[in-house]
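Here is the structure we will look at.
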Amino acid sequence: MIKLIFYFFAATLVFSSARVITVRNPVHAALFLVLAFFSSAVIWLLLQAEFLAIVLVLVYVGAVMVLFLFVVMMLDINLTTMRVGFARYLFTGILVGFLILVEMFLVLDSSFFHKEGLALLPSIESAKNLESSSNTFALAQVLYTNYLYPFEIAAVILLVSMVAAIALTMRRRAYSRNQNPAQQVEIKRTDRVRLVKMPSSTSAD
Amino acid sequence: MNVPMSELYVLLPEIFVLVMACVILLVSVYIPEQLRELNYQLAQLTVIGAAVFTLGNSTGSTVVVMNSMFIHDPMSIVLKAFIYLITFTVFLYSRQYLQDRDLYKGEYFVLSLYAMLGMQIMVSACHFLTLYLGLELLSLSLYAMVAMQRDSQQATEAAMKYFILGALASGMLLYGISMLYGITGTLELQKLSAVIAEGNIDNKLLVFGLVFIIVGLAFKLGAVPFHMWLPDVYQGAPTAVTLFISAAPKLAAFSLLMRFLVDGLSGLHSDWQAILIILSILSMGLGNIVAIAQTNIKRMLAYSAISHAGYLMLGILTATKDGYTASMFYTIVYALMSMGSFGVILLLSRAGFEAERLDDFKGLNERNPWYAFIMMILMLSMAGLPPMLGFWAKWSVLNQIVLSGFVWLAVLAVIFSVIGAFYYLRVIKLMYFDKPESTEAIVANADMRIAISLNGLGILALGLFPQMLFQICSKVF
């Protein structure tokens with residue numbers, strides 16, 4: 001049963017990833033990317049990495065891709081200009097791709113990267129000890145104790161990026177029309193409404 | 001794991017700076033325009049407070065806390081003390097300049113303080129994670145500070161270049177770190193060097209990671225051939241920010257080199273020695289030669305920074321304790337000289353005018369002999385002429401590489417240094433023998449005048465008695 005689920009979602013993943021780069025409409029490409037993320041999240045769930053799976057869906061699908069979709073929709077991308085020179089670069093592209101593939105095989109197949117060389121990784125044993133408790137619990141356990149200091153620094157980095165983003169983009173323009181709620185609430189009837197006495201026109205008889 | 005109070009006590013300077021930076025951030029939002037001086041005063045208070053906490057806890061012994069991620073050792077104390085001194089002086093120098101350009105806002109001080117916090121974290125990190133995070137905190141604050149003058153196209157371009165190349169360098173560094181982690185299974189520097197010392201690991205694998213780490217470090221230090229961002233950033237950034245970038249982060253970059261190469265990868269010193277030799281020859285050569293062709297003094301000093309990065313590496317590549325001492329001495333001296341030189345540029349600038357062309361220094365002696373004298377001291381010191389402090393810095397690194405048997409390298413370094421003397425002496429010639437182009441009076445506040453005089457005279461005085469500073473450095477190792 002698990003195998004069946006795996007093959008189904010793996011096939012979906014491969015298919016949607018392929019569609020991301022072949023489909024013409026960028027909005028569709030972004031949606032296929034969402035599908036790809038989603039199916040890889042399911043594969044992670046099968047590996048019992050439930051925390052990573054949830055984070056992938058929440059962060060990538062929920063936040064990053066929605067932003068990405070917004071950007072794609074806002075930009076007026078001209079598809080015909082993007083396809084100019086496709087044939088010209090096709091050969092170079094295939095050549096580079098092939099070279100990367102050969103290099104990957106050469107490196108991964110060489111004696112450097114055999115399992116014995118990398119057996120020192122400590123996480124493998126400690127991960128086995130954790131099988132009883134949940135993934136999230138195990139992560140939180142070290143994140144807020146052993147790794148408290150780097151965790152706090154990461155928080156400061158996020159704060160700095162926020163300060164920087166606001167400092168660089170916020171501009172008070174003279175002509176910007178913003179609301180001041182306090183003023184709106186404090187308004188009196190007399191400020192807005194002026195009763196004007198009009199001479200009643202004596203209707204002609 | 002409960003964090004005991006004694007561990008937090010060691011972290012007090014960092015915690016204090018973080019809290020104060022957040023306080024200034026809040027204060028700057030709520031205070032009215034006319035109380036802006038308060039930001040400056042609070043920022044200076046923060047730097048002084050951090051210095052008090054750091055020096056108050058300098059027992060001379062090494063303490064490792066926070067699950068062996070934070071190290072409190074003599075090197076970190078000395079470097080932090082100079083980082084505080086430089087940050088304090090940078091704030092003082094840039095005050096008038098920032099006020100003239102509508103940059104005198106809370107953000108400048110907050111970002112500078114976060115950058116300083118990043119440097120503090122880097123200087124006392126003994127774990128790859130904290131080293132990297134400290135570096136990112138520093139870089140991110142600096143990118144934003146470069147871009148702060150948003151109406152200046154040059155500044156925006158510089159920030160963009162800095163950001164992209166900086167991100168690339170971080171990527172390289174991280175890739176190297178991940179390789180080393182994959183091979184040795186640890187991120188702690190002490191454990192890493194222990195694992196390497198056991199000698200069970202294929203050297204080629206380790207060198208593979210080492211190369212990426214050195215590329216990342218060379219980017220951050222601005223060593224040739226990874227220097228491309230440096231001239232544009234120095235020239236494009238507001239001078240007050242250039243002043244900051246050119247001084248304090250050099251100390252942090254030095255500690256980065258020391259932590260990575262000496263604390264972590266000392267087992268590979270024959271490998272990184274060769275790489276550093278090439279980097280330092282290229283930096284000294286290209287930096288000194290290209291600087292001659294510059295007409296913009298900020299750009300000229302940027303190339304000078306590249307060449308000084310080469311000299312700085314000379315001491316480290318000897319892989320001896322005396323060599324590290326010489327390098328540290330060199331870095332501190334360079335930071336002090338660079339701070340003074342950019343200070344004089346700030347002094348000559350005024351509202352709506354940047355004194356960044358070499359021609360702006362023409363006839364400075366006629367306009368103000370005292371500032372011309374200070375600038376002359378700084379330039380002579382940069383060129384490495386006795387009796388200035390810069391001479392002793394060059395002398396100590398050259399001495400160390402000769403002792404380690406690299407006589408040819410020392411000869412090359414001296415030749416490049418002689419070539420470099422040309423453009424420093426040209427500034428002096430312009431100041432003393434040319435007619436001034438402008439007769440505008442140079443106005444500065446009393447604190448600025450005193451600080452810049454102290455800076456210049458300090459270089460001269462410490463040059464006459466170099467033992468004072470050198471002994472501080474030699475006690476570290």
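By order in the structure tokens, chains are A, B, ...; within a chain, residues start at 1; ligands start at 1, following the order shown.
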
Residue hits in chain B, query chain A, radius 6 Å, only C-alpha atoms, as a compact mmCIF listing (two decimals) with N, CA and C atoms, in the first residue's frame:
```txt
# COMPACT_ATOMS: atom_id res chain seq x y z
N MET B 1 18.49 21.23 28.77
CA MET B 1 19.64 22.03 29.20
C MET B 1 19.17 23.36 29.76
N ASN B 67 26.76 25.69 25.07
CA ASN B 67 26.93 24.44 24.35
C ASN B 67 28.11 24.52 23.38
N THR B 130 27.66 29.72 14.56
CA THR B 130 27.70 31.07 15.08
C THR B 130 28.60 31.96 14.24
N LEU B 137 24.75 38.55 10.01
CA LEU B 137 24.20 39.70 10.72
C LEU B 137 24.97 40.96 10.36
N ALA B 144 22.32 47.18 4.01
CA ALA B 144 21.27 48.19 4.20
C ALA B 144 21.88 49.57 4.41
N ILE B 183 32.08 15.50 6.08
CA ILE B 183 33.26 14.64 6.20
C ILE B 183 33.57 14.32 7.66
N GLY B 185 31.65 15.29 10.50
CA GLY B 185 30.53 15.07 11.38
C GLY B 185 30.45 16.02 12.56
```

Contact residues around Phe260 in chain B with only C-alpha atoms at 10 Å, ignoring same-chain residues under 6 positions, as number ranges by chain: B: 126-128, 131, 177, 189, 210, 213-214, 217, 266

Could you write those residues out with C-alpha atoms, as a compact mmCIF listing (two decimals), in the first residue's frame?
```txt
# COMPACT_ATOMS: atom_id res chain seq x y z
CA CYS B 126 33.88 28.77 18.06
CA HIS B 127 31.24 26.95 16.08
CA PHE B 128 30.57 27.10 12.35
CA LEU B 131 30.55 32.17 12.82
CA ILE B 177 31.15 24.30 5.80
CA LEU B 189 35.97 24.08 15.70
CA LEU B 210 38.80 24.15 2.56
CA ILE B 213 35.83 28.23 2.73
CA ILE B 214 38.87 30.24 1.65
CA LEU B 217 36.69 34.33 3.36
CA SER B 266 45.22 24.04 11.59
```

Interatomic distance (Å, one decimal) between CA of Leu464 in chain B and CA of His308 in chain B: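 It comes out at 21.5 Å.
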
Counting only C-alpha atoms, the option among A:Ser200, A:Gln179, A:Thr136, A:Gln184 closest to Ile54 in chain A: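 Residue with the minimum atom-to-atom distance to Ile54 in chain A: A:Thr136.
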
Point-to-point distance in Å for CA of Leu460 in chain B and CA of Met258 in chain B: 28.4 Å

Excluding Ala159 in chain B and residues on its chain fewer than 4 positions from it, collect all residues at most 8 Å away from it, counting only C-alpha atoms, and give them as a short mmCIF file (atom, residue, chain, number, x, y, z; two decimals) with N, CA and C atoms, in the first residue's frame.
```
data_model
loop_
_atom_site.label_atom_id
_atom_site.label_comp_id
_atom_site.auth_asym_id
_atom_site.auth_seq_id
_atom_site.Cartn_x
_atom_site.Cartn_y
_atom_site.Cartn_z
N TYR B 143 24.79 45.92 4.08
CA TYR B 143 24.11 46.13 2.80
C TYR B 143 23.10 47.26 2.94
N ALA B 144 22.32 47.18 4.01
CA ALA B 144 21.27 48.19 4.20
C ALA B 144 21.88 49.57 4.41
N VAL B 146 24.71 50.71 3.24
CA VAL B 146 25.23 51.24 1.97
C VAL B 146 24.09 51.84 1.15
N ALA B 147 22.92 51.18 1.21
CA ALA B 147 21.80 51.62 0.37
C ALA B 147 21.00 52.75 1.00
N ALA B 155 24.97 54.89 -4.76
CA ALA B 155 24.84 54.11 -3.53
C ALA B 155 23.98 52.88 -3.78
N PHE B 163 25.48 43.32 -2.23
CA PHE B 163 24.52 42.31 -1.79
C PHE B 163 24.69 41.02 -2.59
N VAL B 233 31.87 49.63 -3.82
CA VAL B 233 31.16 49.86 -2.55
C VAL B 233 31.78 51.03 -1.80
N ALA B 237 29.10 54.10 -1.50
CA ALA B 237 28.42 54.25 -0.22
C ALA B 237 28.64 55.67 0.32
#
```

Alpha helix (DSSP H) call set, DSSP backbone run, chain A, as number ranges by chain: A: 2-22, 26-46, 50-55, 65-74, 79-82, 86-109, 123-129, 135-143, 148-169, 181-186, 189-192

Selection near Ser381 in chain B, 9 Å with only C-alpha atoms, sequence-local residues under 3 positions removed, as a VMD selection string: chain B and resid 337 376 to 378 384 to 391 459 to 460 463

Quick one: residues within 10 Å of Ala18 in chain A, only C-alpha atoms, excluding same-chain residues fewer than 4 positions away - as a PDB file with N, CA, C and O atoms, in the first residue's frame?
```pdb
ATOM      1  N   THR A  12       3.502  11.829  -9.849  1.00  0.00           N
ATOM      2  CA  THR A  12       2.936  13.176  -9.894  1.00  0.00           C
ATOM      3  C   THR A  12       4.038  14.221  -9.809  1.00  0.00           C
ATOM      4  O   THR A  12       4.029  15.229 -10.520  1.00  0.00           O
ATOM      5  N   LEU A  13       5.010  13.953  -8.907  1.00  0.00           N
ATOM      6  CA  LEU A  13       6.110  14.898  -8.702  1.00  0.00           C
ATOM      7  C   LEU A  13       6.910  15.081  -9.984  1.00  0.00           C
ATOM      8  O   LEU A  13       7.165  16.208 -10.431  1.00  0.00           O
ATOM      9  N   VAL A  14       7.263  13.960 -10.608  1.00  0.00           N
ATOM     10  CA  VAL A  14       8.060  14.038 -11.835  1.00  0.00           C
ATOM     11  C   VAL A  14       7.262  14.752 -12.927  1.00  0.00           C
ATOM     12  O   VAL A  14       7.776  15.655 -13.606  1.00  0.00           O
ATOM     13  N   THR A  22       7.869  23.125 -18.991  1.00  0.00           N
ATOM     14  CA  THR A  22       7.405  23.016 -20.368  1.00  0.00           C
ATOM     15  C   THR A  22       6.152  23.838 -20.641  1.00  0.00           C
ATOM     16  O   THR A  22       5.897  24.216 -21.778  1.00  0.00           O
ATOM     17  N   VAL A  23       5.407  24.104 -19.593  1.00  0.00           N
ATOM     18  CA  VAL A  23       4.136  24.803 -19.811  1.00  0.00           C
ATOM     19  C   VAL A  23       4.404  26.253 -20.217  1.00  0.00           C
ATOM     20  O   VAL A  23       5.426  26.840 -19.847  1.00  0.00           O
ATOM     21  N   ALA A  29       2.639  27.408 -14.692  1.00  0.00           N
ATOM     22  CA  ALA A  29       3.921  26.869 -14.219  1.00  0.00           C
ATOM     23  C   ALA A  29       4.012  26.978 -12.705  1.00  0.00           C
ATOM     24  O   ALA A  29       4.403  26.030 -12.018  1.00  0.00           O
ATOM     25  N   PHE A  32       1.835  24.390 -11.146  1.00  0.00           N
ATOM     26  CA  PHE A  32       2.453  23.065 -11.199  1.00  0.00           C
ATOM     27  C   PHE A  32       3.553  22.927 -10.158  1.00  0.00           C
ATOM     28  O   PHE A  32       3.754  21.861  -9.577  1.00  0.00           O
ATOM     29  N   LEU A  33       4.249  24.032  -9.908  1.00  0.00           N
ATOM     30  CA  LEU A  33       5.289  24.004  -8.886  1.00  0.00           C
ATOM     31  C   LEU A  33       4.668  23.724  -7.515  1.00  0.00           C
ATOM     32  O   LEU A  33       5.215  22.971  -6.699  1.00  0.00           O
ATOM     33  N   ALA A  36       4.083  20.163  -7.339  1.00  0.00           N
ATOM     34  CA  ALA A  36       5.338  19.444  -7.112  1.00  0.00           C
ATOM     35  C   ALA A  36       5.724  19.493  -5.640  1.00  0.00           C
ATOM     36  O   ALA A  36       6.099  18.477  -5.039  1.00  0.00           O
TER      37      ALA A  36
END
```

Selection: 9 Å around range 59-69 of chain A, only C-alpha atoms, excl. self and same-chain fewer than 6 positions, as a VMD selection string: chain A and resid 26 to 27 30 to 31 33 to 35 37 to 38

Exercise: Ile2 in chain A partners within 12 Å, only C-alpha atoms, chain neighbours under 5 positions left out, as an NGL selection string: :A and (7-10 or 42-43 or 45-48)
